[in-house]
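Asker: structure-v2.cif is the file, holding mmCIF, C-alpha atoms:
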data_input
#
loop_
_atom_site.label_atom_id
_atom_site.label_comp_id
_atom_site.auth_asym_id
_atom_site.auth_seq_id
_atom_site.Cartn_x
_atom_site.Cartn_y
_atom_site.Cartn_z
CA MET A 21 18.02 33.39 210.23
CA ALA A 22 21.60 34.39 209.35
CA GLN A 23 22.95 33.65 212.85
CA PRO A 24 22.79 29.81 212.62
CA LYS A 25 24.74 29.91 209.34
CA VAL A 26 27.48 31.99 211.00
CA ASN A 27 27.59 29.62 213.96
CA LEU A 28 27.78 26.61 211.66
CA ALA A 29 30.64 28.19 209.74
CA MET A 30 32.44 28.95 213.00
CA TRP A 31 31.93 25.40 214.24
CA LEU A 32 33.25 23.91 210.99
CA THR A 33 36.25 26.24 211.07
CA GLY A 34 36.99 25.29 214.67
CA ILE A 35 36.74 21.56 213.93
CA PHE A 36 39.04 21.99 210.93
CA CYS A 37 41.63 23.84 213.04
CA VAL A 38 41.51 21.19 215.77
CA LEU A 39 41.95 18.47 213.14
CA ILE A 40 45.03 20.26 211.79
CA ILE A 41 46.52 20.54 215.30
CA VAL A 42 45.87 16.88 216.09
CA LEU A 43 47.38 15.72 212.80
CA TYR A 44 50.41 17.94 213.38
CA GLN A 45 50.99 16.50 216.87
CA GLU A 46 50.34 12.87 215.91
CA LEU A 47 51.69 12.57 212.37
CA GLY A 48 53.85 15.63 211.85
CA PHE A 49 53.97 18.65 209.58
CA ILE A 50 53.39 16.82 206.27
CA ALA A 51 50.02 15.37 207.36
CA ALA A 52 48.85 18.75 208.67
CA PHE A 53 49.96 20.48 205.49
CA ALA A 54 48.14 17.85 203.40
CA ILE A 55 44.83 18.45 205.18
CA VAL A 56 45.26 22.20 204.65
CA LEU A 57 45.72 21.64 200.92
CA LEU A 58 42.79 19.22 200.66
CA PRO A 59 40.08 21.87 200.02
CA PHE A 60 42.25 23.56 197.38
CA ALA A 61 42.94 20.19 195.74
CA ALA A 62 39.21 19.45 195.63
CA VAL A 63 38.51 22.82 193.99
CA MET A 64 41.29 22.23 191.44
CA ALA A 65 39.95 18.76 190.65
CA VAL A 66 36.63 20.36 189.75
CA GLN A 67 37.94 23.42 187.92
CA ILE A 68 40.60 21.77 185.74
CA SER A 69 39.22 18.24 185.35
CA THR A 70 40.33 18.10 181.71
CA VAL A 71 43.95 18.68 182.68
CA PHE A 72 43.86 15.83 185.18
CA ILE A 73 42.27 13.48 182.65
CA ILE A 74 44.85 14.31 179.99
CA LEU A 75 47.69 13.80 182.46
CA PHE A 76 46.15 10.52 183.56
CA ILE A 77 46.10 9.31 179.93
CA LEU A 78 49.76 10.21 179.50
CA PHE A 79 50.98 8.71 182.78
CA SER A 80 48.93 5.51 182.32
CA TYR A 81 49.91 4.92 178.71
CA PHE A 82 53.55 5.99 178.74
CA ARG A 83 54.30 5.04 182.38
CA LEU A 84 56.07 8.39 182.79
CA HIS A 85 56.50 7.84 186.53
CA GLU A 86 58.40 4.64 185.70
CA ALA A 87 60.45 6.23 182.93
CA PHE A 88 61.44 8.93 185.45
CA PRO A 89 61.62 6.99 188.76
CA VAL A 90 62.00 10.18 190.79
CA LEU A 91 58.22 10.59 190.31
CA MET A 92 57.26 7.16 191.63
CA PRO A 93 56.96 8.02 195.37
CA PHE A 94 54.26 10.58 194.56
CA LYS A 95 51.80 7.92 193.26
CA ILE A 96 50.84 10.29 190.46
CA PRO A 97 48.58 7.94 188.40
CA LYS A 98 46.43 7.15 191.45
CA LEU A 99 46.17 10.82 192.41
CA LEU A 100 45.28 11.79 188.85
CA ALA A 101 42.64 9.05 188.69
CA LEU A 102 41.06 10.24 191.95
CA ALA A 103 41.15 13.87 190.82
CA SER A 104 39.62 12.95 187.46
CA LEU A 105 36.83 10.94 189.07
CA ALA A 106 36.15 13.74 191.59
CA GLY A 107 35.83 16.28 188.79
CA ILE A 108 33.66 13.97 186.72
CA ALA A 109 31.37 13.27 189.69
CA TRP A 110 30.97 16.99 190.37
CA HIS A 111 30.17 17.92 186.77
CA LEU A 112 27.99 14.84 186.29
CA PHE A 113 25.76 15.11 189.36
CA ILE A 114 26.07 18.69 190.67
CA SER A 115 27.03 21.22 188.00
CA ARG A 116 25.41 19.11 185.22
CA LYS A 117 28.01 20.37 182.73
CA LEU A 118 28.81 16.82 181.67
CA THR A 119 26.29 14.92 179.60
CA PRO A 120 26.95 11.17 179.43
CA PHE A 121 26.10 9.37 176.23
CA TRP A 122 26.07 5.81 174.95
CA HIS A 123 28.09 4.68 171.96
CA THR A 124 28.44 1.32 170.25
CA GLY A 125 32.07 1.42 171.35
CA HIS A 126 30.90 1.46 174.96
CA MET A 127 28.72 -1.55 174.29
CA ALA A 128 31.54 -3.50 172.62
CA PHE A 129 33.92 -2.65 175.45
CA CYS A 130 31.36 -3.70 178.06
CA LEU A 131 31.10 -7.08 176.34
CA VAL A 132 34.88 -7.46 176.55
CA PHE A 133 34.85 -6.37 180.19
CA VAL A 134 32.07 -8.79 181.11
CA TRP A 135 33.80 -11.73 179.44
CA VAL A 136 37.17 -10.89 180.99
CA THR A 137 35.37 -10.79 184.35
CA VAL A 138 33.83 -14.21 183.65
CA SER A 139 37.29 -15.54 182.78
CA VAL A 140 38.59 -14.24 186.11
CA PHE A 141 36.20 -16.44 188.07
CA ALA A 142 36.90 -19.41 185.79
CA ALA A 143 40.69 -18.89 185.86
CA LYS A 144 43.13 -21.66 186.69
CA ASP A 145 44.87 -19.32 189.11
CA ARG A 146 41.99 -17.17 190.34
CA PRO A 147 43.98 -14.95 192.79
CA LEU A 148 46.41 -14.02 190.00
CA ALA A 149 43.57 -13.16 187.64
CA MET A 150 41.67 -11.26 190.34
CA GLN A 151 44.72 -9.17 191.19
CA PHE A 152 45.09 -8.08 187.55
CA TRP A 153 41.36 -7.38 187.29
CA ILE A 154 41.36 -5.18 190.39
CA ASP A 155 44.69 -3.42 189.84
CA ILE A 156 44.35 -2.67 186.13
CA PHE A 157 41.18 -3.69 184.33
CA THR A 158 38.65 -2.04 186.65
CA LYS A 159 40.56 1.23 186.24
CA VAL A 160 40.52 0.73 182.48
CA PHE A 161 36.74 0.26 182.64
CA LEU A 162 36.15 3.51 184.53
CA MET A 163 38.55 5.60 182.48
CA VAL A 164 37.15 4.46 179.11
CA PHE A 165 33.91 6.23 180.04
CA VAL A 166 35.64 9.18 181.72
CA ILE A 167 37.90 9.89 178.73
CA SER A 168 35.23 9.39 176.07
CA TRP A 169 32.69 11.61 177.88
CA TRP A 170 34.98 14.44 178.93
CA LEU A 171 37.21 15.11 175.91
CA ASN A 172 34.48 16.87 173.96
CA THR A 173 36.27 19.91 172.50
CA LYS A 174 38.87 20.35 169.77
CA LYS A 175 41.08 22.24 172.22
CA ALA A 176 41.12 19.34 174.68
CA PHE A 177 41.79 16.84 171.91
CA ASN A 178 44.63 18.96 170.55
CA TRP A 179 46.21 19.00 174.01
CA VAL A 180 45.94 15.22 174.15
CA ARG A 181 47.66 14.99 170.77
CA PHE A 182 50.44 17.33 171.89
CA GLY A 183 50.86 15.41 175.15
CA ILE A 184 51.12 12.07 173.34
CA MET A 185 53.80 13.40 171.00
CA LEU A 186 55.80 15.07 173.78
CA SER A 187 55.55 12.04 176.08
CA GLY A 188 56.64 9.74 173.26
CA VAL A 189 59.71 11.88 172.61
CA LEU A 190 60.58 11.95 176.34
CA VAL A 191 60.27 8.18 176.72
CA ALA A 192 62.27 7.63 173.52
CA CYS A 193 65.00 9.93 174.86
CA VAL A 194 65.19 7.82 178.04
CA ALA A 195 65.41 4.68 175.89
CA LEU A 196 68.22 6.15 173.79
CA TYR A 197 70.05 7.30 176.94
CA ASN A 198 69.81 3.79 178.39
CA LYS A 199 71.06 2.34 175.11
CA ALA A 200 74.05 4.68 174.98
CA ASN A 201 74.99 3.93 178.59
CA GLY A 202 74.22 0.20 178.61
CA ILE A 203 71.47 0.54 181.23
CA GLY A 204 68.93 -2.29 181.56
CA LEU A 205 69.83 -3.97 178.28
CA VAL A 206 68.27 -7.35 177.53
CA GLU A 207 70.39 -9.90 175.64
CA GLY A 208 73.17 -7.33 175.72
CA THR A 209 71.71 -5.10 172.98
CA ARG A 210 67.95 -4.59 173.47
CA VAL A 211 66.97 -1.47 175.39
CA THR A 212 64.43 -1.32 178.24
CA ILE A 213 63.30 1.31 180.74
CA SER A 214 63.20 0.76 184.53
CA ARG A 215 63.41 -3.00 184.16
CA HIS A 216 64.79 -3.26 187.70
CA LEU A 217 61.52 -1.71 188.95
CA ARG A 218 59.44 -4.31 187.06
CA SER A 219 58.04 -1.50 184.92
CA GLN A 220 55.44 -2.19 182.23
CA ILE A 221 57.96 -0.71 179.77
CA GLY A 222 60.71 -2.89 181.21
CA ALA A 223 60.48 -5.28 178.26
CA PRO A 224 61.75 -4.30 174.78
CA ASN A 225 58.61 -5.49 172.99
CA ASP A 226 56.24 -3.66 175.34
CA LEU A 227 58.33 -0.49 175.10
CA SER A 228 58.23 -0.59 171.30
CA LEU A 229 54.43 -0.92 171.31
CA VAL A 230 54.04 2.01 173.70
CA LEU A 231 56.12 4.16 171.34
CA MET A 232 53.94 3.14 168.38
CA PHE A 233 51.15 5.61 169.27
CA PRO A 234 53.33 8.76 169.20
CA VAL A 235 54.77 7.55 165.87
CA SER A 236 51.27 7.74 164.37
CA PHE A 237 50.56 11.21 165.83
CA LEU A 238 53.92 12.64 164.79
CA ALA A 239 53.52 11.17 161.31
CA ALA A 240 50.05 12.74 161.09
CA GLU A 241 51.57 16.14 161.92
CA LEU A 242 54.36 15.61 159.39
CA PHE A 243 52.02 14.66 156.53
CA CYS A 244 49.38 17.33 157.30
CA ALA A 245 49.54 19.81 154.42
CA HIS A 246 47.85 22.53 156.51
CA ASN A 247 50.70 22.67 159.03
CA SER A 248 53.45 25.25 158.75
CA LYS A 249 56.98 24.26 157.79
CA TRP A 250 58.17 24.75 161.38
CA ILE A 251 55.52 22.43 162.81
CA ARG A 252 56.32 19.80 160.20
CA PHE A 253 60.05 20.15 160.89
CA LEU A 254 59.50 19.67 164.63
CA ALA A 255 57.24 16.69 163.88
CA LEU A 256 59.97 15.19 161.68
CA LEU A 257 62.54 15.69 164.44
CA GLY A 258 60.27 14.11 167.05
CA LEU A 259 59.41 11.26 164.68
CA ALA A 260 63.11 10.54 164.12
CA ILE A 261 63.70 10.40 167.89
CA VAL A 262 60.75 8.08 168.58
CA ILE A 263 61.58 5.75 165.67
CA SER A 264 65.16 5.63 166.97
CA GLY A 265 63.74 4.58 170.34
CA VAL A 266 61.80 1.74 168.68
CA ILE A 267 64.90 0.72 166.72
CA ALA A 268 66.84 0.53 170.00
CA THR A 269 64.41 -2.10 171.29
CA GLN A 270 65.28 -4.34 168.30
CA SER A 271 61.64 -5.44 168.25
CA ARG A 272 60.65 -6.86 164.88
CA GLY A 273 56.99 -6.31 165.74
CA GLY A 274 57.75 -2.66 166.47
CA LEU A 275 59.55 -2.23 163.16
CA LEU A 276 56.60 -3.76 161.32
CA GLY A 277 54.30 -1.36 163.15
CA ILE A 278 56.40 1.63 162.05
CA CYS A 279 56.24 0.46 158.43
CA ALA A 280 52.47 0.02 158.68
CA VAL A 281 51.96 3.52 160.10
CA MET A 282 54.17 5.18 157.50
CA ALA A 283 52.58 3.14 154.70
CA TYR A 284 49.17 4.46 155.76
CA PHE A 285 50.23 8.08 155.25
CA ILE A 286 52.30 7.40 152.13
CA TYR A 287 49.33 5.63 150.54
CA GLN A 288 47.23 8.79 151.02
CA LYS A 289 49.77 10.62 148.87
CA VAL A 290 50.74 7.96 146.31
CA LYS A 291 47.51 5.90 145.91
CA ASN A 292 49.45 3.07 144.27
CA PRO A 293 49.55 -0.07 146.45
CA VAL A 294 52.44 -1.61 144.50
CA VAL A 295 54.63 1.45 144.99
CA VAL A 296 53.68 1.69 148.66
CA ALA A 297 54.46 -2.02 149.17
CA ALA A 298 57.85 -1.57 147.52
CA ILE A 299 58.63 1.45 149.69
CA GLY A 300 57.48 -0.46 152.78
CA GLY A 301 59.66 -3.48 151.97
CA LEU A 302 62.71 -1.29 151.40
CA ALA A 303 62.01 0.64 154.59
CA MET A 304 61.74 -2.61 156.55
CA LEU A 305 65.14 -3.75 155.30
CA VAL A 306 66.66 -0.39 156.27
CA LEU A 307 65.09 -0.51 159.74
CA ILE A 308 66.26 -4.09 160.33
CA ALA A 309 69.78 -3.09 159.36
CA ALA A 310 69.63 0.03 161.56
CA ALA A 311 68.29 -1.97 164.51
CA GLY A 312 71.09 -4.51 164.23
CA ILE A 313 68.69 -7.40 164.64
CA SER A 314 71.28 -9.75 163.15
CA ASP A 315 73.35 -9.10 166.31
CA ARG A 316 70.56 -10.19 168.67
CA GLN A 317 71.31 -13.22 170.83
CA SER A 318 67.84 -14.55 169.99
CA GLY A 319 66.63 -14.17 166.43
CA GLY A 320 70.00 -13.01 165.15
CA ALA A 321 72.07 -14.06 162.20
CA ALA A 322 73.97 -16.64 164.26
CA GLU A 323 70.91 -18.90 164.34
CA GLU A 324 70.25 -21.08 161.34
CA GLY A 325 66.82 -21.94 159.96
CA VAL A 326 63.89 -20.76 162.04
CA ASP A 327 65.58 -18.82 164.86
CA ALA A 328 64.96 -19.36 168.57
CA SER A 329 62.86 -16.21 168.90
CA ALA A 330 60.52 -17.29 166.10
CA MET A 331 60.29 -20.85 167.43
CA GLY A 332 59.54 -19.50 170.89
CA ARG A 333 56.58 -17.60 169.45
CA ILE A 334 55.37 -20.66 167.57
CA TYR A 335 55.49 -22.77 170.75
CA ALA A 336 53.70 -20.02 172.69
CA TRP A 337 50.98 -19.70 170.03
CA GLN A 338 50.52 -23.47 170.06
CA ALA A 339 50.14 -23.28 173.84
CA ALA A 340 47.47 -20.57 173.43
CA ILE A 341 45.56 -22.75 170.96
CA ASN A 342 45.76 -25.70 173.36
CA MET A 343 44.47 -23.50 176.20
CA ALA A 344 41.50 -22.42 174.10
CA THR A 345 40.64 -25.91 172.86
CA SER A 346 40.81 -27.25 176.42
CA ASN A 347 38.69 -24.36 177.75
CA PRO A 348 36.83 -23.01 174.68
CA LEU A 349 34.54 -20.62 176.59
CA THR A 350 36.88 -18.85 179.01
CA GLY A 351 40.43 -20.05 178.32
CA VAL A 352 42.76 -20.33 181.30
CA GLY A 353 41.82 -16.91 182.68
CA VAL A 354 43.14 -13.39 182.24
CA ASN A 355 46.80 -12.94 183.24
CA ASN A 356 47.17 -16.72 183.48
CA PHE A 357 49.03 -17.55 180.26
CA VAL A 358 52.57 -17.52 181.67
CA SER A 359 51.70 -19.51 184.79
CA ASN A 360 49.96 -22.18 182.67
CA TYR A 361 52.49 -22.31 179.85
CA TYR A 362 54.09 -25.53 181.12
CA PHE A 363 50.82 -27.46 181.03
CA TYR A 364 49.87 -26.55 177.44
CA SER A 365 53.08 -25.96 175.49
CA PRO A 366 54.37 -28.70 173.17
CA HIS A 367 57.93 -27.72 174.08
CA TRP A 368 59.48 -27.09 177.51
CA ASP A 369 62.89 -25.47 177.87
CA GLY A 370 62.81 -25.09 181.63
CA LYS A 371 60.93 -21.79 181.96
CA ASN A 372 57.54 -20.26 181.22
CA HIS A 373 57.17 -17.79 178.35
CA ALA A 374 54.88 -14.93 177.36
CA VAL A 375 52.60 -15.46 174.38
CA HIS A 376 54.08 -12.61 172.26
CA SER A 377 50.83 -11.96 170.42
CA THR A 378 47.82 -9.89 171.41
CA TRP A 379 45.43 -12.15 169.48
CA PHE A 380 46.77 -15.41 170.91
CA GLN A 381 46.79 -13.84 174.38
CA VAL A 382 43.07 -13.15 174.08
CA LEU A 383 42.47 -16.63 172.69
CA GLY A 384 44.41 -18.45 175.38
CA GLU A 385 43.21 -16.37 178.33
CA THR A 386 39.54 -15.78 177.43
CA GLY A 387 38.73 -18.54 174.94
CA PHE A 388 37.02 -18.37 171.57
CA VAL A 389 34.16 -16.26 172.94
CA GLY A 390 36.64 -13.73 174.33
CA LEU A 391 38.43 -13.53 170.99
CA ALA A 392 35.12 -12.97 169.19
CA VAL A 393 34.06 -10.04 171.43
CA TYR A 394 37.58 -8.58 171.24
CA PHE A 395 37.44 -8.59 167.43
CA LEU A 396 33.97 -7.06 167.66
CA MET A 397 35.42 -4.18 169.68
CA LEU A 398 38.15 -3.67 167.06
CA ALA A 399 35.55 -3.70 164.28
CA VAL A 400 33.53 -1.04 166.13
CA ILE A 401 36.64 1.15 166.43
CA VAL A 402 37.37 0.76 162.70
CA ARG A 403 33.80 1.67 161.73
CA SER A 404 33.71 4.63 164.11
CA LEU A 405 36.96 6.02 162.71
CA ARG A 406 35.65 5.49 159.20
CA ARG A 407 32.52 7.53 159.99
CA SER A 408 34.66 10.28 161.53
CA PHE A 409 36.90 10.27 158.45
CA MET A 410 33.91 10.68 156.12
CA ILE A 411 32.47 13.53 158.20
CA CYS A 412 35.86 15.28 158.33
CA ASN A 413 36.06 15.09 154.53
CA GLN A 414 32.74 16.90 154.31
CA LEU A 415 33.68 19.44 156.97
CA SER A 416 37.17 20.13 155.54
CA CYS A 417 38.35 20.60 159.14
CA ALA A 418 42.13 20.19 159.29
CA SER A 419 42.42 19.57 163.06
CA LEU A 420 39.67 16.94 163.15
CA MET A 421 41.09 15.20 160.08
CA LEU A 422 44.56 15.23 161.64
CA ASN A 423 43.22 13.55 164.80
CA THR A 424 41.27 11.02 162.76
CA ASN A 425 44.30 10.08 160.67
CA ALA A 426 46.46 9.79 163.78
CA LEU A 427 44.00 7.42 165.46
CA ARG A 428 43.53 5.32 162.32
CA ALA A 429 47.28 4.99 161.91
CA GLY A 430 47.65 4.28 165.63
CA LEU A 431 45.09 1.47 165.43
CA LEU A 432 46.83 0.04 162.38
CA GLY A 433 50.19 0.16 164.13
CA PHE A 434 48.72 -1.53 167.21
CA CYS A 435 47.19 -4.34 165.16
CA VAL A 436 50.34 -5.00 163.12
CA ALA A 437 52.78 -4.73 166.03
CA GLY A 438 50.32 -6.42 168.40
CA THR A 439 50.43 -9.56 166.25
CA PHE A 440 53.89 -10.11 167.71
CA LEU A 441 53.55 -8.22 171.02
CA THR A 442 51.41 -8.85 174.10
CA GLN A 443 49.16 -5.90 175.03
CA ALA A 444 45.57 -7.19 174.87
CA PHE A 445 44.34 -6.07 178.28
CA ASN A 446 46.62 -3.13 179.06
CA TRP A 447 46.02 0.55 178.30
CA PRO A 448 46.97 1.08 174.60
CA ILE A 449 43.91 -0.26 172.76
CA TYR A 450 41.47 1.10 175.34
CA ILE A 451 42.86 4.62 175.14
CA ILE A 452 42.53 4.35 171.35
CA LEU A 453 38.91 3.24 171.89
CA SER A 454 38.16 6.12 174.26
CA LEU A 455 39.67 8.75 171.97
CA THR A 456 37.83 7.23 168.99
CA ILE A 457 34.46 7.53 170.76
CA ALA A 458 35.21 11.10 171.85
CA LEU A 459 36.35 12.03 168.34
CA GLU A 460 33.23 10.68 166.63
CA LYS A 461 30.96 12.48 169.09
CA MET A 462 32.87 15.69 168.46
CA THR A 463 32.80 15.38 164.66
CA GLN A 464 29.07 14.64 164.70
CA ALA A 465 28.46 17.71 166.89
CA GLU A 466 30.55 19.85 164.52
CA TYR A 467 28.71 18.49 161.50
CA GLY A 468 25.33 19.03 163.14
CA SER A 469 26.13 22.63 164.07
CA LEU A 470 27.17 23.43 160.49
CA ARG A 471 24.05 21.85 159.01
CA GLY A 472 21.87 23.60 161.57
#
Can you present the structure in this file as structure tokens?
Answerer:
Amino acid sequence: MAQPKVNLAMWLTGIFCVLIIVLYQELGFIAAFAIVLLPFAAVMAVQISTVFIILFILFSYFRLHEAFPVLMPFKIPKLLALASLAGIAWHLFISRKLTPFWHTGHMAFCLVFVWVTVSVFAAKDRPLAMQFWIDIFTKVFLMVFVISWWLNTKKAFNWVRFGIMLSGVLVACVALYNKANGIGLVEGTRVTISRHLRSQIGAPNDLSLVLMFPVSFLAAELFCAHNSKWIRFLALLGLAIVISGVIATQSRGGLLGICAVMAYFIYQKVKNPVVVAAIGGLAMLVLIAAAGISDRQSGGAAEEGVDASAMGRIYAWQAAINMATSNPLTGVGVNNFVSNYYFYSPHWDGKNHAVHSTWFQVLGETGFVGLAVYFLMLAVIVRSLRRSFMICNQLSCASLMLNTNALRAGLLGFCVAGTFLTQAFNWPIYIILSLTIALEKMTQAEYGSLRG
């Protein structure tokens, strides 16, 4: 009975060797080397799935391959996504180490996904909407479940937190380098990263929102009383670098987000809303002065009355309202705001504009129904984080409380900054959702084990 197994192994080995030789002769050394590494890559994808998922979060959120263009030819996000899915499939169907679960956050996200999909087929420019849906939103859908199911240990979550802080510092350093050397500046003063590559962080406002998440995690480390002085010092240093990166973008929405995040942690210490508001107002004035917003070509001190930047937002928001009233169920379709701006804006200056608001983006592109389900998803995140916060108070677990505070501050920063920035259907809020679901599941498991 053993002989057929040996023969089968020999046949498979022979076929594999022939395949390597053929690839070497037809496509060269690189293709042959790749097929040799394929079995090892498959084993790695299974054995260290958590590492691939964490790296996928960091590369997708911070666009590290775009911040460091030398990484772009390697197609790292796609490879990490494939490796993550391979590992998930193995542990889900074969090893059975992964137990999927259903959370109200999944339900709320599915409602958003379904309505965005409906808006794709009802879009004014269907090919444009379909391209966005295929290239970005389907990946978001898969990874929301992958991230929320797989990050089920405090160790994994701590690595995510460390990766977010480190990635934020690295991206901020690139932003500050570009600022110092005059690389990719918009309006002469506003910093961007890899704008010439059409990067997702190639706009000052988008870059400032991406840096908002590490601000919340670094602030959580800084204000955590259980951390050592060295950890808090390093957190303060990293926080200063990331805030400097946001300041370099001269994004008023980003500065408001920073104030909101810091106010959240200060309020936990002071407990006096009047004092916190006064500190926040003073901090905003300091940040505006440090950012040099008065020197901006748009929205600077040279413009009298309501500046051009503010008026541009008002016109864009009016266009979003007109889109929703004309198409109350589905709007003009996801990723269709800019291309339809001319037809719905009350003011035309010769070019289309972005909406510059997450909420008005949802309204204009998915209608009133889309806005309702989007707010439902946000409400679910808020309630989930509140439940996690209450459990952490009972557990007195410093690491879980730190993660909870970081996510709550991150959500607050997203909502405040997102009022003036456009990131409704990109990665930030959905990574917050995934981590929130994973965190609540983990805190409930911890609480159940202690009670048991």
Asker: Which residues match the PyMOL selection byres ((chain A and resi 260) around 12) in the file above, as JSON, numbers by chain?
Answerer: {"A": [185, 188, 189, 192, 193, 196, 231, 234, 235, 238, 239, 242, 253, 254, 255, 256, 257, 258, 259, 261, 262, 263, 264, 265, 266, 267, 278]}
Asker: Find the spatial neighbours of Val194 in chain A, counting all atoms listed in the file, within a cut-off of 12 Å - ignore same-chain residues fewer than 5 positions away - and output them as number ranges by chain.
Answerer: A: 82, 84, 86-89, 187-189, 199-204, 211-214, 221, 227, 231, 261-262, 264-266, 268
Asker: Run the PyMOL selection byres ((chain A and resi 210) around 6) on the file and write out the hits as a ChimeraX atom specification.
Answerer: /A:205-206,209,211,269-270
Asker: Check the smallest atom-to-atom distance from each of A:Cys244, A:Val358, A:Met343, A:Leu105 to Val164 in chain A using only C-alpha atoms, then report the winner.
Answerer: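 Closest residue, counting only C-alpha atoms: A:Leu105.
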Asker: Here's the selection I'm unsure about, the PyMOL selection byres ((chain A and resi 75) around 12); applied to the file above, which residues does it give, as a PyMOL selection string?
Answerer: chain A and resi 68-74+76-85+96-101+103-104+167+176+179-184+186-187
Asker: Place a sphere of radius 9 Å on (35.7, 12.4, 161.2) in the file coordinates and name every protein, DNA or RNA residue with an atom inside or on its surface, counting all atoms listed in the file; give the answer as a list in words.
Answerer: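 The requested residues, written out, are Ser404, Leu405, Arg406, Arg407, Ser408, Phe409, Met410, Ile411, Cys412, Asn413, Gln414, Leu415, Cys417, Leu420, Met421, Asn423, Thr424, Asn425, Leu459, Glu460, Met462, Thr463 and Gln464 of chain A.
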Asker: Pull the closest atom pair for each residue of range 273-293 of chain A that gets at most 12 Å from range 441-448 of chain A, along with the distance in Å to one decimal, counting all atoms listed in the file, ordering rows by chain and then ascending residue number, as a Markdown table.
Answerer:
| residue | atom | partner | partner_atom | distance |
| --- | --- | --- | --- | --- |
| A:Gly273 | CA | A:Leu441 | CA | 6.6 |
| A:Gly274 | CA | A:Leu441 | CA | 8.3 |
| A:Leu275 | CA | A:Leu441 | CA | 11.6 |
| A:Leu276 | CA | A:Leu441 | CA | 11.1 |
| A:Gly277 | CA | A:Leu441 | CA | 10.5 |
Asker: Expressed in Å to a single decimal, how great is the separation between CA of Ile449 in chain A and CA of Phe94 in chain A?
Answerer: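 Calculated distance between CA of Ile449 in chain A and CA of Phe94 in chain A is 26.5 Å.
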Asker: I'd like the neighbourhood of Val389 in chain A as a PyMOL selection string, where a residue qualifies if any of its atoms comes within 12 Å (using only C-alpha atoms), though same-chain residues fewer than 2 positions away should be ignored.
Answerer: chain A and resi 131-132+134-136+138-139+344-345+347-351+382-387+391-396
Asker: Counting all atoms listed in the file, find the residues whose atoms lie at most 8 Å from (62.7, -8.7, 171.5) (file coordinates) and write them out as a list of chain:residue names.
Answerer: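 Answer for this query, in the requested form: A:Arg210, A:Ala223, A:Pro224, A:Asn225, A:Thr269, A:Gln270, A:Ser271, A:Arg272, A:Ser318, A:Ser329.
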Asker: Work out how far apart CA of Gly438 in chain A and CA of Ala418 in chain A are and give it in Å to one decimal.
Answerer: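 Pair CA of Gly438 in chain A / CA of Ala418 in chain A returns 29.3 Å.
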Asker: When you draw a straight line from CA of Ala143 in chain A to CA of Asn355 in chain A, how long is it in Å?
Answerer: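 Result for CA of Ala143 in chain A versus CA of Asn355 in chain A: 8.9 Å, one decimal.
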